[in-house]
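Chemist: Okay, here's the structure, questions in a sec.
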Amino acid sequence: MVTGLVPVCGDESVDTAMTSETGFHPDLRRARYLPRAVVSPRTLRVIRALSGRAGRTPPAGGTVERVDDQVTMRVFRPAPAATPAPAVLFVHGGGYVIGNAAMGDRFCAAVAARLGAVAASVEYRLAPEHPFPVPLEDCYAGLRRLAELPGVDRDRIAIAGESAGGGLAAALALLARDRGEIRPVLQLLSYPMLDDRTCARTDIDPRWLRMWSLHSNRFGWRSYLGDLGSAAVPPLAAPARYDDLAGLPPAWIGVGTHDLFHDEDLAYADRLRRAGVSCTLHEVRGAYHGFDLVEHGAPVSRDYRRGRLDVLASALGTAAGTE
């Protein structure tokens with residue numbers, strides 16, 4: 001079943017499908033069998049080992065390029081490419097503690113093929129070995145390098161991220177605004193991890209959480225923030241703490257109603273609008289964290305990706321091809 005999207009207040013969309021008897025979106029048939037959490041201190045080493053091979057494999061149809069002595073990025077170029085071409089920097093998820101740039105290969109390849117844009121996934125260093133601000137500065141270095149690539153239109157660069165990568169992308173938009181070197185045209189945030197204060201909540205029903213729990217969240221934030229105390233958390237580490245959101249690029253935020261980050265994402269979208277920043281909120285009823293990655297072929301996941309590419313195409317001034 002392909003679901004419809006109904007605009008709300010001009011800049012929101014909600015999935016109109018009824019949830020199933022389990023409370024999950026009817027397209028997400030694996031939801032009832034999935035774990036509530038995957039990442040923990042006990043599983044960290046195993047997950048990193050399992051995902052390491054993919055990170056070391058050269059990207060099919062792309063190249064690995066050096067950003068600096070510590071950072072690389074996986075780059076996908078359209079063929080044929082317009083000159084200058086728009087570009088997208090992608091930031092992978094993983095709770096700040098797992099994952100690699102190869103997780104962005106599918107998205108970046110689609111952006112290059114369907115939007116005619118240069119797309120790069122940055123290999124930022126992970127916590128807890130490299131806590132804030134190292135991952136954010138790695139992403140900023142990737143953004144600068146992308147803007148310097150031959151044939152890239154530095155005035156048409158978007159930043160995109162998923163989960164912790166969405167949090168880093170939101171922080172990157174703030175950092176780019178404050179430094180004034182590059183002005184992204186869009187921040188495309190999929191269920192972004194924005195607010196460490198969610199860790200302290202006691203009112204969240206864990207029965208509906210999948211893939212990322214409060215326990216995982218506490219571990220991720222503790223690893224990323226390192227020795228910082230809760231009273232000293234820098235706003236760039238947790239963008240929801242940033243007071244001044246004015247002057248940021250337009251935003252698109254997508255999140256499911258069964259995602260741990262649902263409330264913090266809606267709150268951030270509201271604050272962006274009140275600061276005068278155009279923000280589209282795409283809310284998927286009955287969807288859990290990372291649903292579009294876990295159940296890639298589900299109709300609701302395809303709709304989600306299609307909507308995300310359409311917004312990206314509009315911001316970059318290109319035409320979006322079909323999936």
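Ligands are numbered from 1 in the order shown, chains are lettered A, B, ... in the order of the structure tokens, and residues start at 1 in each chain.
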Apply DSSP to the structure's backbone, then extract all residues of stretch 170-284 of chain A labelled alpha helix (DSSP H) and return them as a PyMOL selection string.
Modeler: chain A and resi 170-179+214-225+262-274
Chemist: So which one's closest to A:Pro26, A:Ala319, A:Leu50, A:Ala287, A:Ala313? Using only C-alpha atoms, please.
Modeler: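 Closest residue, counting only C-alpha atoms: A:Ala287.
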Chemist: With only C-alpha atoms as the basis for distance, which of A:Ser190, A:Thr202, A:Ser40, A:Ser51 is at the shortest distance from A:Gly307?
Modeler: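 Looking only at the distances to A:Gly307, the closest residue turns out to be A:Ser190.
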Chemist: Sorted by chain and rising residue number, which residues of stretch 215-309 of chain A lie within 10 Å of stretch 160-184 of chain A, and what are their closest atom pairs and distances in Å to one decimal, counting only C-alpha atoms, as a Markdown table?
Modeler:
```
| residue | atom | partner | partner_atom | distance |
| --- | --- | --- | --- | --- |
| A:Gly220 | CA | A:Ala164 | CA | 8.9 |
| A:Trp221 | CA | A:Ala164 | CA | 9.7 |
| A:Pro235 | CA | A:Ala171 | CA | 8.5 |
| A:Leu236 | CA | A:Ala171 | CA | 5.5 |
| A:Ala237 | CA | A:Ala171 | CA | 7.1 |
| A:Ala238 | CA | A:Gly167 | CA | 7.4 |
| A:Pro239 | CA | A:Ala171 | CA | 5.6 |
| A:Ala240 | CA | A:Gly167 | CA | 9.1 |
| A:Tyr242 | CA | A:Leu174 | CA | 8.7 |
| A:Asp244 | CA | A:Leu174 | CA | 9.1 |
| A:Leu245 | CA | A:Leu174 | CA | 7.6 |
| A:Ala246 | CA | A:Leu174 | CA | 9.5 |
| A:Gly247 | CA | A:Arg177 | CA | 7.3 |
| A:Leu248 | CA | A:Arg177 | CA | 6.5 |
| A:Pro249 | CA | A:Pro184 | CA | 6.2 |
| A:Pro250 | CA | A:Pro184 | CA | 8.9 |
| A:Ala251 | CA | A:Ala170 | CA | 8.9 |
| A:Trp252 | CA | A:Ala160 | CA | 9.4 |
| A:Ile253 | CA | A:Gly166 | CA | 9.0 |
| A:Gly254 | CA | A:Glu162 | CA | 9.5 |
| A:Val255 | CA | A:Ser163 | CA | 9.6 |
| A:Phe261 | CA | A:Ser163 | CA | 8.6 |
| A:Asp265 | CA | A:Gly167 | CA | 10.0 |
| A:His289 | CA | A:Ser163 | CA | 8.2 |
| A:Gly290 | CA | A:Ser163 | CA | 7.8 |
| A:Arg308 | CA | A:Ala160 | CA | 10.0 |
```
Chemist: Can I get the selected residues back with N, CA, C and O atoms, as an mmCIF file, in the first residue's frame?
Modeler:
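The resulting selection.cif:
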```cif
data_model
loop_
_atom_site.group_PDB
_atom_site.id
_atom_site.type_symbol
_atom_site.label_atom_id
_atom_site.label_comp_id
_atom_site.auth_asym_id
_atom_site.auth_seq_id
_atom_site.Cartn_x
_atom_site.Cartn_y
_atom_site.Cartn_z
ATOM 1 N N GLY A 220 25.443 6.745 23.811
ATOM 2 C CA GLY A 220 25.915 7.573 22.702
ATOM 3 C C GLY A 220 26.291 8.971 23.138
ATOM 4 O O GLY A 220 27.365 9.479 22.792
ATOM 5 N N TRP A 221 25.406 9.609 23.898
ATOM 6 C CA TRP A 221 25.690 10.979 24.342
ATOM 7 C C TRP A 221 26.857 11.021 25.325
ATOM 8 O O TRP A 221 27.705 11.919 25.252
ATOM 9 N N PRO A 235 26.512 24.209 23.077
ATOM 10 C CA PRO A 235 25.363 24.144 22.171
ATOM 11 C C PRO A 235 25.678 23.481 20.831
ATOM 12 O O PRO A 235 24.797 22.843 20.249
ATOM 13 N N LEU A 236 26.912 23.617 20.347
ATOM 14 C CA LEU A 236 27.244 22.967 19.077
ATOM 15 C C LEU A 236 27.316 21.452 19.206
ATOM 16 O O LEU A 236 27.243 20.737 18.209
ATOM 17 N N ALA A 237 27.457 20.946 20.428
ATOM 18 C CA ALA A 237 27.450 19.501 20.628
ATOM 19 C C ALA A 237 26.034 18.951 20.574
ATOM 20 O O ALA A 237 25.807 17.828 20.123
ATOM 21 N N ALA A 238 25.080 19.716 21.064
ATOM 22 C CA ALA A 238 23.670 19.332 21.070
ATOM 23 C C ALA A 238 22.874 20.513 20.512
ATOM 24 O O ALA A 238 22.514 21.421 21.265
ATOM 25 N N PRO A 239 22.616 20.542 19.212
ATOM 26 C CA PRO A 239 22.009 21.731 18.584
ATOM 27 C C PRO A 239 20.718 22.210 19.231
ATOM 28 O O PRO A 239 20.400 23.403 19.157
ATOM 29 N N ALA A 240 19.963 21.316 19.882
ATOM 30 C CA ALA A 240 18.735 21.748 20.546
ATOM 31 C C ALA A 240 19.016 22.733 21.671
ATOM 32 O O ALA A 240 18.114 23.458 22.100
ATOM 33 N N TYR A 242 21.167 25.215 21.306
ATOM 34 C CA TYR A 242 21.638 26.465 20.709
ATOM 35 C C TYR A 242 20.530 27.510 20.759
ATOM 36 O O TYR A 242 19.420 27.275 20.300
ATOM 37 N N ASP A 244 20.393 30.770 19.383
ATOM 38 C CA ASP A 244 20.142 31.588 18.198
ATOM 39 C C ASP A 244 20.119 30.713 16.950
ATOM 40 O O ASP A 244 21.165 30.301 16.450
ATOM 41 N N LEU A 245 18.934 30.448 16.433
ATOM 42 C CA LEU A 245 18.784 29.635 15.223
ATOM 43 C C LEU A 245 18.501 30.489 13.988
ATOM 44 O O LEU A 245 18.287 29.945 12.901
ATOM 45 N N ALA A 246 18.511 31.793 14.128
ATOM 46 C CA ALA A 246 18.220 32.671 12.994
ATOM 47 C C ALA A 246 19.325 32.576 11.946
ATOM 48 O O ALA A 246 20.492 32.363 12.266
ATOM 49 N N GLY A 247 18.936 32.754 10.693
ATOM 50 C CA GLY A 247 19.908 32.809 9.616
ATOM 51 C C GLY A 247 20.409 31.466 9.138
ATOM 52 O O GLY A 247 21.355 31.399 8.333
ATOM 53 N N LEU A 248 19.806 30.382 9.599
ATOM 54 C CA LEU A 248 20.207 29.055 9.143
ATOM 55 C C LEU A 248 19.567 28.735 7.792
ATOM 56 O O LEU A 248 18.551 29.321 7.418
ATOM 57 N N PRO A 249 20.130 27.780 7.053
ATOM 58 C CA PRO A 249 19.497 27.381 5.793
ATOM 59 C C PRO A 249 18.171 26.697 6.043
ATOM 60 O O PRO A 249 17.924 26.164 7.144
ATOM 61 N N PRO A 250 17.284 26.682 5.058
ATOM 62 C CA PRO A 250 16.020 25.956 5.201
ATOM 63 C C PRO A 250 16.277 24.511 5.615
ATOM 64 O O PRO A 250 17.316 23.924 5.294
ATOM 65 N N ALA A 251 15.314 23.949 6.335
ATOM 66 C CA ALA A 251 15.481 22.607 6.874
ATOM 67 C C ALA A 251 14.329 21.702 6.464
ATOM 68 O O ALA A 251 13.199 22.156 6.281
ATOM 69 N N TRP A 252 14.644 20.430 6.316
ATOM 70 C CA TRP A 252 13.651 19.362 6.186
ATOM 71 C C TRP A 252 13.963 18.361 7.278
ATOM 72 O O TRP A 252 15.109 17.902 7.393
ATOM 73 N N ILE A 253 12.971 18.036 8.102
ATOM 74 C CA ILE A 253 13.162 17.087 9.200
ATOM 75 C C ILE A 253 12.142 15.971 9.049
ATOM 76 O O ILE A 253 10.938 16.215 9.021
ATOM 77 N N GLY A 254 12.628 14.742 8.950
ATOM 78 C CA GLY A 254 11.755 13.583 8.862
ATOM 79 C C GLY A 254 11.925 12.700 10.086
ATOM 80 O O GLY A 254 13.052 12.425 10.502
ATOM 81 N N VAL A 255 10.813 12.229 10.660
ATOM 82 C CA VAL A 255 10.892 11.392 11.864
ATOM 83 C C VAL A 255 9.596 10.611 12.030
ATOM 84 O O VAL A 255 8.521 11.071 11.634
ATOM 85 N N PHE A 261 13.576 10.046 19.083
ATOM 86 C CA PHE A 261 13.881 11.449 18.818
ATOM 87 C C PHE A 261 12.675 12.253 18.348
ATOM 88 O O PHE A 261 12.814 13.431 18.005
ATOM 89 N N ASP A 265 12.791 16.335 17.854
ATOM 90 C CA ASP A 265 12.809 16.801 16.463
ATOM 91 C C ASP A 265 11.675 17.771 16.185
ATOM 92 O O ASP A 265 11.859 18.796 15.502
ATOM 93 N N HIS A 289 12.811 4.165 14.631
ATOM 94 C CA HIS A 289 14.078 4.784 14.272
ATOM 95 C C HIS A 289 14.776 3.991 13.158
ATOM 96 O O HIS A 289 14.987 2.790 13.278
ATOM 97 N N GLY A 290 15.110 4.676 12.081
ATOM 98 C CA GLY A 290 15.819 4.051 10.970
ATOM 99 C C GLY A 290 14.971 3.118 10.132
ATOM 100 O O GLY A 290 15.495 2.271 9.416
ATOM 101 N N ARG A 308 12.234 12.989 0.303
ATOM 102 C CA ARG A 308 13.508 13.592 0.678
ATOM 103 C C ARG A 308 14.284 14.055 -0.561
ATOM 104 O O ARG A 308 14.824 15.162 -0.589
#
```
Chemist: If we count only C-alpha atoms and set the cut-off at 10 Å, which residues sit around A:Leu115, ignoring sequence neighbours fewer than 6 positions away in its own chain? Please answer as a compact mmCIF listing (two decimals) with N, CA, C and O atoms, in the first residue's frame.
Modeler:
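Result file selection07.txt:
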```txt
# COMPACT_ATOMS: atom_id res chain seq x y z
N PRO A 78 28.05 12.67 -10.89
CA PRO A 78 27.09 12.34 -11.94
C PRO A 78 27.80 12.20 -13.28
O PRO A 78 28.87 12.76 -13.50
N ALA A 85 28.45 21.88 -10.89
CA ALA A 85 27.35 21.03 -10.41
C ALA A 85 27.05 21.32 -8.95
O ALA A 85 27.95 21.68 -8.19
N PRO A 86 25.79 21.16 -8.53
CA PRO A 86 25.49 21.27 -7.11
C PRO A 86 26.10 20.08 -6.37
O PRO A 86 26.56 19.12 -6.99
N ALA A 87 26.09 20.14 -5.05
CA ALA A 87 26.73 19.09 -4.27
C ALA A 87 25.99 18.86 -2.97
O ALA A 87 25.27 19.73 -2.47
N ALA A 109 24.93 7.69 -4.22
CA ALA A 109 24.81 7.23 -5.60
C ALA A 109 23.48 7.67 -6.21
O ALA A 109 23.42 8.07 -7.39
N LEU A 309 14.31 13.23 -1.60
CA LEU A 309 15.01 13.61 -2.83
C LEU A 309 14.31 14.78 -3.53
O LEU A 309 14.98 15.64 -4.12
N ASP A 310 12.99 14.81 -3.49
CA ASP A 310 12.26 15.92 -4.12
C ASP A 310 12.63 17.25 -3.46
O ASP A 310 12.83 18.26 -4.15
N LEU A 312 15.36 17.90 -1.81
CA LEU A 312 16.76 18.17 -2.13
C LEU A 312 16.90 18.71 -3.55
O LEU A 312 17.65 19.67 -3.79
N ALA A 313 16.17 18.12 -4.49
CA ALA A 313 16.23 18.59 -5.87
C ALA A 313 15.77 20.04 -5.98
O ALA A 313 16.37 20.84 -6.71
N SER A 314 14.71 20.38 -5.26
CA SER A 314 14.19 21.75 -5.30
C SER A 314 15.23 22.73 -4.74
O SER A 314 15.44 23.81 -5.32
N LEU A 316 18.46 22.39 -4.66
CA LEU A 316 19.65 22.45 -5.51
C LEU A 316 19.34 22.99 -6.91
O LEU A 316 20.26 23.26 -7.69
N GLY A 317 18.05 23.11 -7.23
CA GLY A 317 17.68 23.62 -8.55
C GLY A 317 17.85 22.61 -9.65
O GLY A 317 18.20 22.93 -10.78
N THR A 318 17.59 21.31 -9.32
CA THR A 318 17.71 20.24 -10.30
C THR A 318 16.38 19.51 -10.39
O THR A 318 15.46 19.74 -9.61
N ALA A 319 16.30 18.59 -11.32
CA ALA A 319 15.11 17.75 -11.46
C ALA A 319 15.37 16.41 -10.81
O ALA A 319 16.44 15.82 -10.99
N ALA A 320 14.42 15.92 -10.03
CA ALA A 320 14.57 14.62 -9.37
C ALA A 320 14.10 13.53 -10.30
O ALA A 320 12.98 13.56 -10.81
N GLY A 321 14.95 12.53 -10.52
CA GLY A 321 14.57 11.38 -11.34
C GLY A 321 13.72 10.41 -10.52
O GLY A 321 13.56 10.54 -9.31
N THR A 322 13.18 9.41 -11.18
CA THR A 322 12.35 8.41 -10.50
C THR A 322 13.20 7.34 -9.88
O THR A 322 14.31 7.06 -10.31
```
Chemist: Would you give me, as a ChimeraX atom specification, the residues in stretch 66-260 of chain A that DSSP reads as strand (DSSP E)?
Modeler: /A:66,72-76,85-91,118-122,152-162,186-190,251-258
Chemist: List as a compact mmCIF listing (two decimals) with all heavy atoms, in the first residue's frame the protein and nucleic acid residues near A:Arg201, meaning an atom at most 12 Å away when only C-alpha atoms are counted, but skip any in the same chain fewer than 5 places from it.
Modeler:
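That gives us part-v3.txt:
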```txt
# COMPACT_ATOMS: atom_id res chain seq x y z
N ASP A 195 19.33 16.39 21.00
CA ASP A 195 19.18 16.89 22.36
C ASP A 195 19.58 15.84 23.39
O ASP A 195 18.88 14.83 23.57
CB ASP A 195 17.73 17.33 22.59
CG ASP A 195 17.56 18.20 23.81
OD1 ASP A 195 18.47 18.24 24.65
OD2 ASP A 195 16.51 18.86 23.92
N ASP A 196 20.70 16.05 24.07
CA ASP A 196 21.15 15.11 25.10
C ASP A 196 20.18 15.04 26.27
O ASP A 196 20.17 14.05 27.02
CB ASP A 196 22.54 15.52 25.59
CG ASP A 196 22.53 16.89 26.27
OD1 ASP A 196 22.26 17.89 25.58
OD2 ASP A 196 22.79 16.95 27.47
N PRO A 206 8.84 2.47 26.38
CA PRO A 206 9.86 1.74 25.63
C PRO A 206 9.29 0.65 24.72
O PRO A 206 10.01 0.14 23.85
CB PRO A 206 10.74 1.12 26.73
CG PRO A 206 9.81 0.98 27.89
CD PRO A 206 8.90 2.16 27.82
N SER A 213 17.31 2.83 21.90
CA SER A 213 16.57 3.00 23.14
C SER A 213 17.16 4.11 23.98
O SER A 213 18.20 4.70 23.65
CB SER A 213 16.62 1.69 23.94
OG SER A 213 17.97 1.45 24.37
N LEU A 214 16.52 4.37 25.11
CA LEU A 214 17.07 5.34 26.05
C LEU A 214 18.44 4.91 26.55
O LEU A 214 19.34 5.73 26.74
CB LEU A 214 16.11 5.53 27.22
CG LEU A 214 14.99 6.55 27.02
CD1 LEU A 214 13.92 6.39 28.10
CD2 LEU A 214 15.54 7.97 27.02
N HIS A 215 18.63 3.62 26.76
CA HIS A 215 19.93 3.11 27.20
C HIS A 215 21.00 3.39 26.15
O HIS A 215 22.10 3.86 26.46
CB HIS A 215 19.83 1.62 27.50
CG HIS A 215 21.13 1.00 27.94
ND1 HIS A 215 21.69 1.25 29.18
CD2 HIS A 215 21.99 0.17 27.28
CE1 HIS A 215 22.82 0.57 29.28
NE2 HIS A 215 23.03 -0.08 28.14
N ASN A 217 20.83 5.67 23.91
CA ASN A 217 20.97 7.12 23.81
C ASN A 217 21.92 7.67 24.87
O ASN A 217 22.77 8.52 24.60
CB ASN A 217 19.60 7.77 23.94
CG ASN A 217 19.51 9.11 23.24
OD1 ASN A 217 19.99 9.26 22.12
ND2 ASN A 217 18.90 10.08 23.88
N ARG A 218 21.77 7.16 26.08
CA ARG A 218 22.67 7.60 27.16
C ARG A 218 24.12 7.23 26.84
O ARG A 218 25.04 8.02 27.08
CB ARG A 218 22.22 6.98 28.48
CG ARG A 218 20.86 7.48 28.96
CD ARG A 218 20.51 6.93 30.33
NE ARG A 218 19.15 7.29 30.70
CZ ARG A 218 18.13 6.44 30.72
NH1 ARG A 218 18.33 5.16 30.41
NH2 ARG A 218 16.92 6.86 31.05
N LEU A 260 12.56 7.49 19.22
CA LEU A 260 12.95 8.14 20.48
C LEU A 260 13.16 9.64 20.28
O LEU A 260 12.92 10.43 21.19
CB LEU A 260 14.24 7.51 21.01
CG LEU A 260 14.82 8.11 22.29
CD1 LEU A 260 13.86 7.95 23.48
CD2 LEU A 260 16.17 7.49 22.61
N PHE A 261 13.58 10.05 19.08
CA PHE A 261 13.88 11.45 18.82
C PHE A 261 12.68 12.25 18.35
O PHE A 261 12.81 13.43 18.01
CB PHE A 261 14.99 11.56 17.76
CG PHE A 261 16.27 10.85 18.15
CD1 PHE A 261 17.04 10.24 17.18
CD2 PHE A 261 16.68 10.79 19.46
CE1 PHE A 261 18.22 9.58 17.52
CE2 PHE A 261 17.86 10.15 19.83
CZ PHE A 261 18.63 9.53 18.85
N ASP A 263 9.99 13.71 19.72
CA ASP A 263 9.61 14.95 20.40
C ASP A 263 10.69 16.03 20.26
O ASP A 263 10.39 17.21 20.04
CB ASP A 263 9.33 14.70 21.88
CG ASP A 263 8.08 13.86 22.09
OD1 ASP A 263 7.37 13.57 21.10
OD2 ASP A 263 7.80 13.49 23.25
N GLU A 264 11.96 15.65 20.38
CA GLU A 264 13.02 16.64 20.26
C GLU A 264 13.11 17.18 18.84
O GLU A 264 13.43 18.35 18.63
CB GLU A 264 14.37 16.07 20.70
CG GLU A 264 14.95 14.96 19.85
CD GLU A 264 16.23 14.38 20.45
OE1 GLU A 264 16.17 13.76 21.54
OE2 GLU A 264 17.28 14.56 19.83
```
Chemist: Which residue out of A:Val64, A:Val185, A:Val38, A:Ala101 has the minimum interatomic distance to A:Ser278 when only C-alpha atoms are used?
Modeler: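 With only C-alpha atoms as the atom set, the closest residue is A:Val185.
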